[in-house]
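A quick write-up on the structure given underneath.
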Amino acid sequence: MPELGRAALVVTLGLSVYALVAGAAAARLGRRRLALSAQNALTAAFFSTLIASAVLLGALLGHDFSFTYVARTTSEALPTAYTISAFWGGQEGSLLLWLLVLTGFGATAVRLNRSWARDLIVWVVPAFAAVSIFFSFLVVAVASPFATQPAPADGAGMTPSLQNPYMLAHPPLLYLGYVGLTVPFAFAMGALLSGRMDERWLIATRRWTLFAWTALGIGQLLGAHWAYVEVGWGGYYAWDPVENAALMPWLAATAFLHSVMIQEKRGMLRVWNIVLVILAFSLSLFGTFLTRSGVVNSIHSFTQSSIGPWFLAFIGVTVAVSLALVFWRLPQLRSPTKLESAVSREAAFLYNNLLLLALCLTILWGVVYPLLSEAVRGEAVVLGRAYYDFFLRAFGLPLLLLMGIGPLIAWRRASLRSLLTTFRWPTAVALATGGLLLSLGAGSSVPGLVAYTFSAFVAATIGLEFARGTRARKALGAGSWPGAFSSLISRNRRRYGGYVVHASIVLLAVGIAGSSAFDSVAEAKLKPGQSMEAGDYTLAYRSLDERLAENATEIRATLGVTRGDRDLGTLQAGKNAYTIEQQVSNEVGIRSDPVTGEDLFVIAEQIDPDGTVYFRVFVKPLVNLIWIAGFVFLLGSAITLWPDAREQRKLVARASEIGVPATR
Amino acid sequence: MTVALILAVILAVTCVVAVALPFLREPEPESDSLDELDERDRRRLELLEARDRALSALKELEFDHRTGTISDDDYRTLVGPLRREAAHALQALELDGSGR
């Protein structure tokens with residue numbers, strides 16, 4: 001039914017255009033029914049996109065190769081789960097997913113907030129609609145998922161590296177993150193257009209931003225783990241432009257989540273916050289452009305890409321219009337208060353913002369530099385790992401330290417005496433940790449040692465905050481210690497959920513430092529029966545086997561692993577040869593130590609017909625802390641995202657005082 | 001093809017009805033103007049936000065003092081201006097309310 005899919009997308013485009021025109025007219029002329037009609041158009045756009053998505057999913061599951069998209073991205077032999085993931089595996093499908101999530105989020109955000117912020121919402125609808133027009137135009141006119149062809153006997157199949165369980169969750173999560181950032185953007189635009197510069201746009205979008213940020217964060221970690229176990233080069237982050245594409249909006253959103261607290265608590269940084277929202281959204285568009293335009297594979301493919309120029313034009317228009325609106329509303333955006341001291345919590349947040357932004361823009365420069373250098377000099381110059389690593393240390397390490405400093409300083413200002421008292425224990429813990437690690441030989445990598453020391457400082461701060469807070473809650477009559485702890489978190493989910501997120505960043509920092517600054521590598525070409533050393537491990541190559549799987553031939557080398565006198569069992573590494581796709585993938589062998597968090601990572605780089613295998617073996621200390629950090633990050637985000645009844649009551653009371661309906 | 005076209009027409013008609021619904025439900029409403037906040041409501045909203053901001057800052061200061069994150073000296077320095085801010089916001093709200 002490609003006709004139904006095409007028709008549904010045309011309907012979505014028509015509804016989006018109507019929502020923009022009618023919504024803007026309703027807001028300008030103050031027409032209530034027209035405004036409601038525009039809101040209904042946005043909701044209807046979601047349902048028509050849902051129908052288009054159902055048509056594509058049906059075609060994928062039914063192996064209908066008369067759909068060009070289905071024939072290009074799947075095959076009869078492809079397992080069902082990956083057939084579903086093909087929905088977002090190609091350009092057209094992923095753009096359709098963007099549109100589906102966008103219209104869904106838009107309709108939901110408008111419905112949730114239209115009672116209590118109705119004067120704002122009337123302008124939010126056209127802002128959503130403008131973004132929706134762009135994406136629906138793309139899938140209608142430029143990159144349709146419903147293009148048809150004479151059906152071939154079988155499809156071309158899916159790239160082997162994408163045939164991995166992580167691909168079921170990693171791309172959709174990134175899209176949820178990218179698209180989720182449209183919500184704060186649309187509300188910020190609504191606030192600018194309507195001139196309602198009060199806090200309501202922030203309150204309405206706080207959880208949406210957090211959700212988008214969490215989805216982006218988890219999506220990136222899943223992507224890193226996928227790269228680690230599937231791509232088979234021995235690492236988890238390569239500063240690849242597509243990876244950077246997701247990191248940049250996440251950094252901008254992280255800066256916003258911190259600076260928005262300064263606006264809420266001190267009424268400051270109003271312009272800055274709106275600019276950060278614009279930046280995060282523009283970077284999410286840029287991320288989609290990088291991933292989908294083909295520009296990152298080869299800069300020459302940019303001119304061949306059908307969506308690249310459209311995306312660039314839309315990003316340009318978005319940035320220009322948004323900044324013009326900010327400039328227009330500058331008088332209303334002036335803050336009533338000023339920074340009182342350079343030593344205060346808001347100042348620490350501001351430094352944190354500057355560092356996050358510096359890191360984000362540095363990465364952006366690294367991504368666009370090859371394009372600019374080719375445009376100017378005719379030769380693409382790629383900025384390598386050394387460039388990114390340098391700036392990660394230059395900006396990332398002070399950021400890590402600030403994560404520990406911020407909670408120890410009071411809002412507004414702090415005296416030296418107070419600072420000496422509050423910094424005493426975290427500093428002592430950090431220095432003791434640094435000294436101990438130095439004596440154990442961690443001085444071989446100064447950045448690694450500094451990262452560990454700063455991490456100890458932050459961990460001590462977090463521990464201290466929880467301990468002091470729980471003690472204070474108990475003194476206030478919260479009953480038992482567990483009761484006091486639970487009450488501490490439930491009474492201030494943002495603050496203590498935020499500390500849990502900080503703890504996850506500490507784990508991440510320790511994992512990255514351990515696995516990158518203190519790792520080791522060994523290489524050897526072995527025949528069966530021979531062995532090699534890697535760190536403390538001895539690996540004995542025992543045999544090479546071949547077996548047939550559902551859609552690939554699997555070749556595996558089996559290695560016996562020992563450490564000193566201890567037998568640690570066997571490990572398999574090899575390659576998969578995919579029949580239909582005519583491609584070969586590395587299938588690495590990993591042995592994780594649950595106690596130390598260390599990984600023994602084996603790649604069978606080259607397998608000769610006589611059974612000789614060229615092995616590359618990495619020993620990666622503490623790498624598993626990176627994945628554990630993901631769970632802690634999710635826990636902290638969940639605490640922060642959890643609905644807060646007290647906050648809700650306060651908002652309802654505030655709304656009722658000005659006669660706005662007391663519901664959201 | 002025919003089934004697809006029929007479904008597409010049904011979809012289009014349903015969407016048109018959904019979009020026209022506010023006009024179909026209220027063909028001749030008493031008022032069709034948007035119920036917006038007037039200048040006074042907006043000013044009051046700003047005052048309410050300032051009040052809540054000051055009260056929330058006071059509450060956080062009290063808690064941080066109780067936990068020991070803020071010393072007695074810093075607490076004494078900070079609590080005065082915050083209380084004045086809260087009092088000003090409450091006073092402004094009261095004045096605004098009496099003028100309504």
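Labels for the structure tokens follow display order: chains A, B, ..., residues from 1 in each chain, ligands from 1.
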
Tell me, as a PDB file with C-alpha atoms, in the first residue's frame, which residues lie within 10 Å of Glu3 of chain A, counting only C-alpha atoms; anything in the same chain fewer than 2 positions away does not count.
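Okay, out_26.pdb is ready:
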ATOM      1  CA  MET A   1       0.000   0.000   0.000  1.00  0.00           C
ATOM      2  CA  GLY A   5       1.712   5.823   2.906  1.00  0.00           C
ATOM      3  CA  ARG A   6       2.338   8.599   0.395  1.00  0.00           C
ATOM      4  CA  ALA A   7      -1.155  10.018   0.874  1.00  0.00           C
ATOM      5  CA  ALA A   8      -0.806   9.964   4.669  1.00  0.00           C
ATOM      6  CA  LEU A   9       2.435  11.944   4.444  1.00  0.00           C
ATOM      7  CA  ALA A  52       2.313   6.170   7.174  1.00  0.00           C
ATOM      8  CA  VAL A  55       2.354   1.136   6.202  1.00  0.00           C
ATOM      9  CA  PHE A 146       7.293   4.931  -0.257  1.00  0.00           C
ATOM     10  CA  ALA A 147       9.140   4.960  -3.581  1.00  0.00           C
ATOM     11  CA  THR A 148       8.341   1.772  -5.525  1.00  0.00           C
TER      12      THR A 148
ATOM     13  CA  MET B   1      -4.683   0.460  -5.155  1.00  0.00           C
ATOM     14  CA  THR B   2      -8.432   1.098  -4.800  1.00  0.00           C
ATOM     15  CA  VAL B   3      -8.444   0.068  -1.138  1.00  0.00           C
ATOM     16  CA  ALA B   4      -5.452   2.301  -0.506  1.00  0.00           C
ATOM     17  CA  LEU B   5      -7.172   5.237  -2.194  1.00  0.00           C
ATOM     18  CA  LEU B   7      -8.380   4.566   3.025  1.00  0.00           C
ATOM     19  CA  ALA B   8      -6.475   7.704   2.014  1.00  0.00           C
TER      20      ALA B   8
END

Chain B contacts on chain A, only C-alpha atoms, 8 Å, as an MDAnalysis selection string: chainID A and resid 1 3:4 7:8 11 30:34 36:38 40:41 44 48 118:119 198:199 264:266 408:410 412 414:415 418 422 468:469 471:472 654 658

Write a file of the just-selected residues containing N, CA and C atoms, as a short mmCIF file (atom, residue, chain, number, x, y, z; two decimals), in the first residue's frame.
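Done, and the output landed in result_12.cif:
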data_model
loop_
_atom_site.label_atom_id
_atom_site.label_comp_id
_atom_site.auth_asym_id
_atom_site.auth_seq_id
_atom_site.Cartn_x
_atom_site.Cartn_y
_atom_site.Cartn_z
N MET A 1 0.80 -1.21 0.00
CA MET A 1 0.00 0.00 0.00
C MET A 1 0.84 1.28 0.00
N GLU A 3 0.65 3.72 -1.83
CA GLU A 3 -0.19 4.92 -2.10
C GLU A 3 -0.73 5.49 -0.79
N LEU A 4 -1.14 4.58 0.12
CA LEU A 4 -1.69 5.05 1.40
C LEU A 4 -0.60 5.77 2.20
N ALA A 7 -0.02 9.12 0.62
CA ALA A 7 -1.16 10.02 0.87
C ALA A 7 -1.14 10.51 2.32
N ALA A 8 -0.83 9.58 3.25
CA ALA A 8 -0.81 9.96 4.67
C ALA A 8 0.24 11.05 4.92
N VAL A 11 -1.00 14.31 3.65
CA VAL A 11 -1.96 14.84 4.64
C VAL A 11 -1.19 15.48 5.81
N GLY A 30 -5.93 36.77 17.81
CA GLY A 30 -6.60 36.43 19.07
C GLY A 30 -7.88 35.63 18.86
N ARG A 31 -7.86 34.66 17.94
CA ARG A 31 -9.05 33.86 17.63
C ARG A 31 -8.96 32.49 18.32
N ARG A 32 -9.88 32.25 19.23
CA ARG A 32 -9.84 31.05 20.05
C ARG A 32 -10.09 29.77 19.25
N ARG A 33 -11.17 29.76 18.44
CA ARG A 33 -11.52 28.53 17.72
C ARG A 33 -10.44 28.18 16.67
N LEU A 34 -9.89 29.20 16.06
CA LEU A 34 -8.84 28.96 15.08
C LEU A 34 -7.59 28.37 15.75
N LEU A 36 -7.61 26.52 18.49
CA LEU A 36 -7.94 25.13 18.81
C LEU A 36 -7.85 24.26 17.55
N SER A 37 -8.30 24.82 16.44
CA SER A 37 -8.26 24.10 15.17
C SER A 37 -6.81 23.80 14.77
N ALA A 38 -5.93 24.77 14.97
CA ALA A 38 -4.50 24.55 14.66
C ALA A 38 -3.91 23.47 15.57
N ASN A 40 -5.59 21.01 16.90
CA ASN A 40 -6.13 19.73 16.39
C ASN A 40 -5.37 19.27 15.15
N ALA A 41 -4.95 20.22 14.32
CA ALA A 41 -4.20 19.87 13.11
C ALA A 41 -2.88 19.20 13.47
N ALA A 44 -3.73 15.73 14.60
CA ALA A 44 -4.11 14.91 13.43
C ALA A 44 -2.87 14.56 12.61
N SER A 48 -1.82 10.86 11.21
CA SER A 48 -1.59 10.52 9.80
C SER A 48 -0.16 10.01 9.60
N ARG A 118 -2.04 28.88 28.15
CA ARG A 118 -2.70 28.96 26.84
C ARG A 118 -2.22 30.13 25.99
N ASP A 119 -1.87 31.25 26.64
CA ASP A 119 -1.39 32.41 25.86
C ASP A 119 -0.02 32.14 25.25
N ASP A 198 7.94 35.04 31.07
CA ASP A 198 7.94 34.53 32.44
C ASP A 198 8.49 33.09 32.44
N GLU A 199 8.41 32.44 33.59
CA GLU A 199 9.05 31.13 33.74
C GLU A 199 8.27 29.96 33.15
N GLU A 264 15.86 30.04 37.30
CA GLU A 264 14.76 29.74 38.22
C GLU A 264 15.03 30.27 39.62
N LYS A 265 16.30 30.20 40.06
CA LYS A 265 16.60 30.59 41.44
C LYS A 265 16.98 32.05 41.57
N ARG A 266 17.59 32.63 40.53
CA ARG A 266 18.06 34.00 40.65
C ARG A 266 17.48 34.94 39.59
N LEU A 408 29.33 22.58 46.99
CA LEU A 408 29.92 22.98 48.28
C LEU A 408 29.84 24.49 48.51
N ILE A 409 29.45 25.24 47.50
CA ILE A 409 29.41 26.70 47.63
C ILE A 409 27.96 27.16 47.73
N ALA A 410 27.74 28.20 48.53
CA ALA A 410 26.38 28.73 48.70
C ALA A 410 25.97 29.55 47.49
N ARG A 412 24.67 32.89 45.82
CA ARG A 412 24.96 34.32 46.01
C ARG A 412 26.43 34.58 46.36
N ALA A 414 30.02 33.15 49.13
CA ALA A 414 30.51 32.30 50.21
C ALA A 414 31.79 32.91 50.77
N SER A 415 31.94 32.82 52.09
CA SER A 415 33.15 33.38 52.71
C SER A 415 34.28 32.35 52.64
N SER A 418 34.02 29.72 55.33
CA SER A 418 33.03 28.69 55.03
C SER A 418 33.58 27.70 54.01
N THR A 422 33.92 23.61 54.29
CA THR A 422 33.19 22.65 53.43
C THR A 422 34.12 21.87 52.50
N ARG A 468 25.16 14.46 54.96
CA ARG A 468 24.72 15.62 55.73
C ARG A 468 23.21 15.85 55.57
N GLY A 469 22.74 15.66 54.35
CA GLY A 469 21.31 15.85 54.08
C GLY A 469 20.46 14.86 54.85
N ARG A 471 21.30 13.28 57.58
CA ARG A 471 21.38 13.60 59.01
C ARG A 471 20.43 14.76 59.34
N ALA A 472 20.41 15.76 58.46
CA ALA A 472 19.53 16.91 58.71
C ALA A 472 18.06 16.50 58.64
N ARG A 654 -0.05 28.93 42.19
CA ARG A 654 0.37 30.15 41.49
C ARG A 654 -0.58 30.46 40.33
N ILE A 658 -3.76 33.86 39.56
CA ILE A 658 -3.99 34.81 38.47
C ILE A 658 -5.16 34.37 37.58
#

All residues 12 Å or closer to Val446 of chain A, only C-alpha atoms, same chain fewer than 4 positions away omitted, as a VMD selection string: chain A and resid 393 397 434 437 to 438 441 to 442 450 to 453 513 to 514 517 to 518

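Nearest residue to Lys59 of chain B among B:Ala87, B:Val79, B:Leu95, B:Ile10 is B:Val79, counting only C-alpha atoms.
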
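Minimum atom-to-atom distances from A:Leu176, A:Ala475, A:Asp154, A:Glu550 to Val101 of chain A were compared using only C-alpha atoms, and the lowest value belongs to A:Leu176.
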
For Gly560 of chain A: contacts at 9 Å, only C-alpha atoms, fewer than 6 positions along chain excluded, given as JSON, numbers by chain: {"A": [531, 538, 539, 540, 541, 542, 567, 568, 569, 570, 571, 572]}

Selection near segment 237-247 of chain A, 7 Å with only C-alpha atoms, sequence-local residues under 5 positions removed, as a ChimeraX atom specification: /A:216,220,224,287,290-291,296,363,367,385

Output of the above residues as a compact mmCIF listing (two decimals), in the first residue's frame, restricted to C-alpha atoms:
# COMPACT_ATOMS: atom_id res chain seq x y z
CA LEU A 216 20.61 11.17 24.10
CA GLN A 220 25.26 7.42 23.10
CA ALA A 224 29.61 3.25 22.47
CA GLY A 287 23.46 15.85 13.99
CA LEU A 290 25.63 14.67 9.53
CA THR A 291 24.23 11.21 10.05
CA VAL A 296 30.65 12.34 6.81
CA ILE A 363 34.04 19.48 18.76
CA VAL A 367 33.64 18.24 12.65
CA ARG A 385 42.14 11.99 17.93

Those in segment 129-226 of chain A with alpha helix (DSSP H) from DSSP, as number ranges by chain: A: 129-137, 166-180, 182-194, 200-226

For Val321 of chain A: contacts at 12 Å, only C-alpha atoms, fewer than 6 positions along chain excluded, given as a VMD selection string: chain A and resid 127 130 189 192 to 193 278 282 314 to 315 327 to 328

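Reported to one decimal place, the separation of atom CA of Thr470 of chain A from atom CA of Phe485 of chain A is 5.0 Å.
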
For atom CA of His63 of chain A and atom CA of Leu96 of chain A, the interatomic separation in Å (one decimal): 18.7 Å
